[in-house]
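K.L.:
One structure, as structure tokens, below. Some questions next.
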Amino acid sequence: ADPKSPGSQRLKLSFSRKALSQSFFSRPCKQETMALRLIGFLCAAELIKKQELGKDELRPLYMDFQATTPMDPRVLDAMLPYQVNYYGNPHSRTHAYGWESETAMETARKQQVADLIAADPREIIFTSGATESNNMAIKGVARFYQSKKRHVITTQTEHKCVLDSCRVLEAEGFDVTYLPVQKNGLLDLELLEASIRPDTSLVSVMTVNNEIGVKQPIKEIGQICRSKGVYFHTDGAQAIGKIPINVSDCKIDLMSISGHKIYGPKGVGALYVRRRPRVRLEPLQNGGGQERGLRSGTVPTPLAVGLGVACSIAQKEMEYDHNRVSALARRLVEKITSETPDVIMNGDPEQRYPGCINLSFAYVEGESLLMALKDVALSSGSACTSASLEPSYVLRAIGTDEDLAHSSIRFGIGRFTTEEEVDYTANKCIQQVRRLREMSPLWEMVQEGIDLKSIKWTQH
């Protein structure tokens, strides 16, 4: 079809299950299964790829709150004066323009960001986001103490920026241990304790996982690290403002914070760096010595103000938001699982943040389901935007079967999600999973009582 023609954007693929199972394979071999997956993947990728909305086309419902959150209007209201009227450089100490910007920046640092995590304001370093904070913490601590300690510990389910920072350290000669997690996504504390060596400088474990929503036992991890004299860093991007965190109680030494995950502006975050016992780190960028010399560069006052107000709102409304998100999450999961068989929730069912729901729909390709649910903004656990057919490394790390990992969808629920959006998403999901399974020869075989795992796949 002509790619410019309107009809090409509404391409629909249908297969006769009987014809497919008889003519294409008697029992599908691995190569044929992969070929089918590749065909489905390419078709889905073609339809999912960037398209501008038509003039009268409605925007999809937003159910991807782990990727980013809409800015709270109250945050925007607080930021606007510092975009237009109060535009002074907060590091200018000789006139009123600088003083008023500095006051706003320090108010955000103390009364809002620091108070949310029960920290000293001098322990808050403004950054461009959680990626920079993670890079600063991991590379900074490792490099500062490298003369005596050259071992770092993390887990296999960390965010990509943590894993890539560790790989950079490995290239510099550091020894990095990537700990496996249990099938529920939680870290084995005994394994962690056994992995700490005399030359271990840092342990980095994220608080809440961005893909499966699992909440790690950071208080226990902090106690182990403190008892062993090892610094503990946690990526708190998905947890800050959503669950209560006290850095002193949890014995956290460094923590990364992101603005756009808590209804604040994009392009701003923070790094908590403990003062007592003191944590030293080597800065990534040098210059004017701002932020206690750890992060040179002019702090963007409007963004700092936005992050502060977002933290303040989160602190006041945390309990209400958590209860509401929990209720909506239960509603979504119960509705889908009650009407759709063979749906598996990935990650621990109890130790989790309820607003991040990762479900695997057996015998359905994740990209195909995303394509069918194009009027709901969701994300797939598999690599739907890359050239790789490999499933999510997080799902692989918790031992999810490859087929189930390929069939996973992440649902994100947040402050502005409504019951109507949850009900619409659940109903549409049930309807489309049923339709896609009807087209699947594997689903037909399962309905006939055939155990797919018992089949010896033929090789051609």
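Quick note on naming: the chains in the structure tokens go A, B, ... in the order shown, residues restart at 1 in each chain, and ligands are numbered from 1 in order of appearance.
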If you run DSSP on the backbone, which residues of stretch 205-421 of chain A are strand (DSSP E), as JSON, numbers by chain?
P.N.:
{"A": [231, 232, 233, 234, 235, 254, 255, 256, 257, 258, 269, 270, 271, 272, 273, 343, 344, 345, 356, 357, 358, 359, 360, 361, 376, 377, 379, 380, 408, 409, 410, 411, 412]}
K.L.:
Determine which residues of stretch 125-196 of chain A receive a DSSP assignment of alpha helix (DSSP H), computed from the backbone, and state them as a PyMOL selection string.
P.N.:
chain A and resi 130-144+160-171+189-195
K.L.:
Residues of stretch 153-247 of chain A that have any atom at most 12 Å from an atom of stretch 262-282 of chain A: could you tabulate them with the shortest-distance atom pair and the distance in Å to one decimal, using only C-alpha atoms, ordered by chain and increasing number, as CSV?
P.N.:
```
residue,atom,partner,partner_atom,distance
A:Ser201,CA,A:Val279,CA,10.8
A:Leu202,CA,A:Val279,CA,10.7
A:Arg226,CA,A:Pro277,CA,10.0
A:Gly229,CA,A:Pro277,CA,10.4
A:Val230,CA,A:Val279,CA,10.4
A:Tyr231,CA,A:Val279,CA,7.7
A:Phe232,CA,A:Val279,CA,10.1
A:His233,CA,A:Val273,CA,9.2
A:Thr234,CA,A:Tyr272,CA,9.8
A:Asp235,CA,A:Leu271,CA,9.5
A:Gly236,CA,A:Leu271,CA,9.7
A:Ala237,CA,A:Ile262,CA,8.5
A:Gln238,CA,A:Ile262,CA,8.3
A:Ala239,CA,A:Ile262,CA,9.0
A:Ile240,CA,A:Ile262,CA,7.4
A:Gly241,CA,A:Ile262,CA,6.4
A:Lys242,CA,A:Ile262,CA,8.0
A:Ile243,CA,A:Ile262,CA,11.4
A:Asn246,CA,A:Tyr272,CA,11.6
A:Val247,CA,A:Arg274,CA,8.8
```
K.L.:
Any chance you could export the current selection's C-alpha atoms as a PDB file, in the first residue's frame?
P.N.:
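out-v7.pdb, written as the output of this step:
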```
ATOM      1  CA  SER A 201      32.823   1.467  48.195  1.00  0.00           C
ATOM      2  CA  LEU A 202      29.174   1.678  47.095  1.00  0.00           C
ATOM      3  CA  ARG A 226      26.093   1.087  57.371  1.00  0.00           C
ATOM      4  CA  GLY A 229      31.058   0.735  56.284  1.00  0.00           C
ATOM      5  CA  VAL A 230      29.806   0.919  52.680  1.00  0.00           C
ATOM      6  CA  TYR A 231      27.932   3.865  51.154  1.00  0.00           C
ATOM      7  CA  PHE A 232      24.337   3.215  50.047  1.00  0.00           C
ATOM      8  CA  HIS A 233      22.880   4.976  46.993  1.00  0.00           C
ATOM      9  CA  THR A 234      19.276   4.562  45.903  1.00  0.00           C
ATOM     10  CA  ASP A 235      17.536   5.764  42.759  1.00  0.00           C
ATOM     11  CA  GLY A 236      14.368   7.266  44.271  1.00  0.00           C
ATOM     12  CA  ALA A 237      12.913   8.720  41.056  1.00  0.00           C
ATOM     13  CA  GLN A 238       9.812   6.468  41.120  1.00  0.00           C
ATOM     14  CA  ALA A 239       9.385   6.623  44.913  1.00  0.00           C
ATOM     15  CA  ILE A 240       9.888  10.235  46.028  1.00  0.00           C
ATOM     16  CA  GLY A 241       6.563  11.913  46.764  1.00  0.00           C
ATOM     17  CA  LYS A 242       4.666   8.626  46.375  1.00  0.00           C
ATOM     18  CA  ILE A 243       5.778   6.697  49.451  1.00  0.00           C
ATOM     19  CA  ASN A 246      13.196   9.288  55.690  1.00  0.00           C
ATOM     20  CA  VAL A 247      16.862   9.249  54.656  1.00  0.00           C
TER      21      VAL A 247
END
```
K.L.:
How many Å separate atom CA of A:Pro90 from atom CA of A:Thr298?
P.N.:
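Atom CA of A:Thr298 lies 7.6 Å from atom CA of A:Pro90.
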K.L.:
Stretch 284-294 of chain A: which residues within 7 Å, counting only C-alpha atoms, same-chain residues fewer than 5 positions away excluded, as a list of chain:residue names?
P.N.:
A:Ile125, A:Met136, A:Gly140
K.L.:
Using only C-alpha atoms, please write the residues we just selected to a file, as a CSV table (one decimal), in the first residue's frame.
P.N.:
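Below is the file part.csv, written as the result:
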```
chain,number,residue,atom,x,y,z
A,125,ILE,CA,22.3,19.3,45.2
A,136,MET,CA,27.1,11.7,39.8
A,140,GLY,CA,31.6,10.3,41.8
```
K.L.:
So what do you get for atom CA of A:Thr400 versus atom CA of A:Asn209, distance-wise?
P.N.:
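These atoms are spaced 15.8 Å apart.
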K.L.:
Rank nothing, just name the residue among A:Ile212, A:Val84, A:Leu254, A:Met63 nearest to A:Arg396, using only C-alpha atoms.
P.N.:
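For A:Arg396, the nearest of the candidates is A:Ile212.
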K.L.:
For the atom pair atom CA of A:Ala137 and atom CA of A:Val205, what is the interatomic distance in Å to one decimal place?
P.N.:
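Result for atom CA of A:Ala137 versus atom CA of A:Val205: 12.0 Å, one decimal.
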K.L.:
Could you list, as a VMD selection string, every residue within 10 Å of A:Ser195, counting only C-alpha atoms and ignoring same-chain residues fewer than 5 positions away?
P.N.:
chain A and resid 152 to 153 177 to 179 189 to 190 200
K.L.:
List as a tab-separated table every residue of stretch 55-135 of chain A that is in contact with stretch 417-424 of chain A, defined as an atom at most 10 Å from one of its atoms (using only C-alpha atoms), together with the nearest atom pair and the distance in Å rounded to one decimal, sorted by chain and then rising number.
P.N.:
```
residue	atom	partner	partner_atom	distance
A:Leu61	CA	A:Glu421	CA	6.9
A:Tyr62	CA	A:Thr417	CA	7.9
A:Met63	CA	A:Thr417	CA	7.7
A:Phe65	CA	A:Thr417	CA	9.3
```
K.L.:
Go ahead and save the picked residues with all heavy atoms, as a PDB file, in the first residue's frame.
P.N.:
```
ATOM      1  N   LEU A  61      -5.939   8.413  25.933  1.00  0.00           N
ATOM      2  CA  LEU A  61      -5.906   8.506  27.391  1.00  0.00           C
ATOM      3  C   LEU A  61      -4.474   8.281  27.852  1.00  0.00           C
ATOM      4  O   LEU A  61      -3.741   7.490  27.267  1.00  0.00           O
ATOM      5  CB  LEU A  61      -6.803   7.434  28.020  1.00  0.00           C
ATOM      6  CG  LEU A  61      -8.269   7.388  27.601  1.00  0.00           C
ATOM      7  CD1 LEU A  61      -8.990   6.279  28.357  1.00  0.00           C
ATOM      8  CD2 LEU A  61      -8.948   8.716  27.860  1.00  0.00           C
ATOM      9  N   TYR A  62      -4.077   8.949  28.928  1.00  0.00           N
ATOM     10  CA  TYR A  62      -2.695   8.805  29.398  1.00  0.00           C
ATOM     11  C   TYR A  62      -2.633   7.827  30.566  1.00  0.00           C
ATOM     12  O   TYR A  62      -3.184   8.077  31.641  1.00  0.00           O
ATOM     13  CB  TYR A  62      -2.121  10.161  29.823  1.00  0.00           C
ATOM     14  CG  TYR A  62      -0.633  10.093  30.055  1.00  0.00           C
ATOM     15  CD1 TYR A  62       0.242   9.995  28.980  1.00  0.00           C
ATOM     16  CD2 TYR A  62      -0.099  10.099  31.331  1.00  0.00           C
ATOM     17  CE1 TYR A  62       1.620   9.916  29.164  1.00  0.00           C
ATOM     18  CE2 TYR A  62       1.275  10.016  31.539  1.00  0.00           C
ATOM     19  CZ  TYR A  62       2.119   9.922  30.453  1.00  0.00           C
ATOM     20  OH  TYR A  62       3.477   9.830  30.639  1.00  0.00           O
ATOM     21  N   MET A  63      -1.956   6.694  30.334  1.00  0.00           N
ATOM     22  CA  MET A  63      -1.788   5.674  31.368  1.00  0.00           C
ATOM     23  C   MET A  63      -0.322   5.225  31.402  1.00  0.00           C
ATOM     24  O   MET A  63      -0.016   4.036  31.446  1.00  0.00           O
ATOM     25  CB  MET A  63      -2.693   4.465  31.076  1.00  0.00           C
ATOM     26  CG  MET A  63      -4.172   4.757  31.124  1.00  0.00           C
ATOM     27  SD  MET A  63      -4.831   4.898  32.804  1.00  0.00           S
ATOM     28  CE  MET A  63      -4.890   3.182  33.266  1.00  0.00           C
ATOM     29  N   PHE A  65       2.279   6.805  33.582  1.00  0.00           N
ATOM     30  CA  PHE A  65       2.794   7.740  34.590  1.00  0.00           C
ATOM     31  C   PHE A  65       4.197   7.392  35.081  1.00  0.00           C
ATOM     32  O   PHE A  65       4.797   8.186  35.799  1.00  0.00           O
ATOM     33  CB  PHE A  65       1.827   7.820  35.779  1.00  0.00           C
ATOM     34  CG  PHE A  65       0.652   8.724  35.537  1.00  0.00           C
ATOM     35  CD1 PHE A  65      -0.441   8.293  34.796  1.00  0.00           C
ATOM     36  CD2 PHE A  65       0.637  10.016  36.036  1.00  0.00           C
ATOM     37  CE1 PHE A  65      -1.529   9.126  34.566  1.00  0.00           C
ATOM     38  CE2 PHE A  65      -0.446  10.860  35.808  1.00  0.00           C
ATOM     39  CZ  PHE A  65      -1.529  10.414  35.069  1.00  0.00           C
TER      40      PHE A  65
END
```
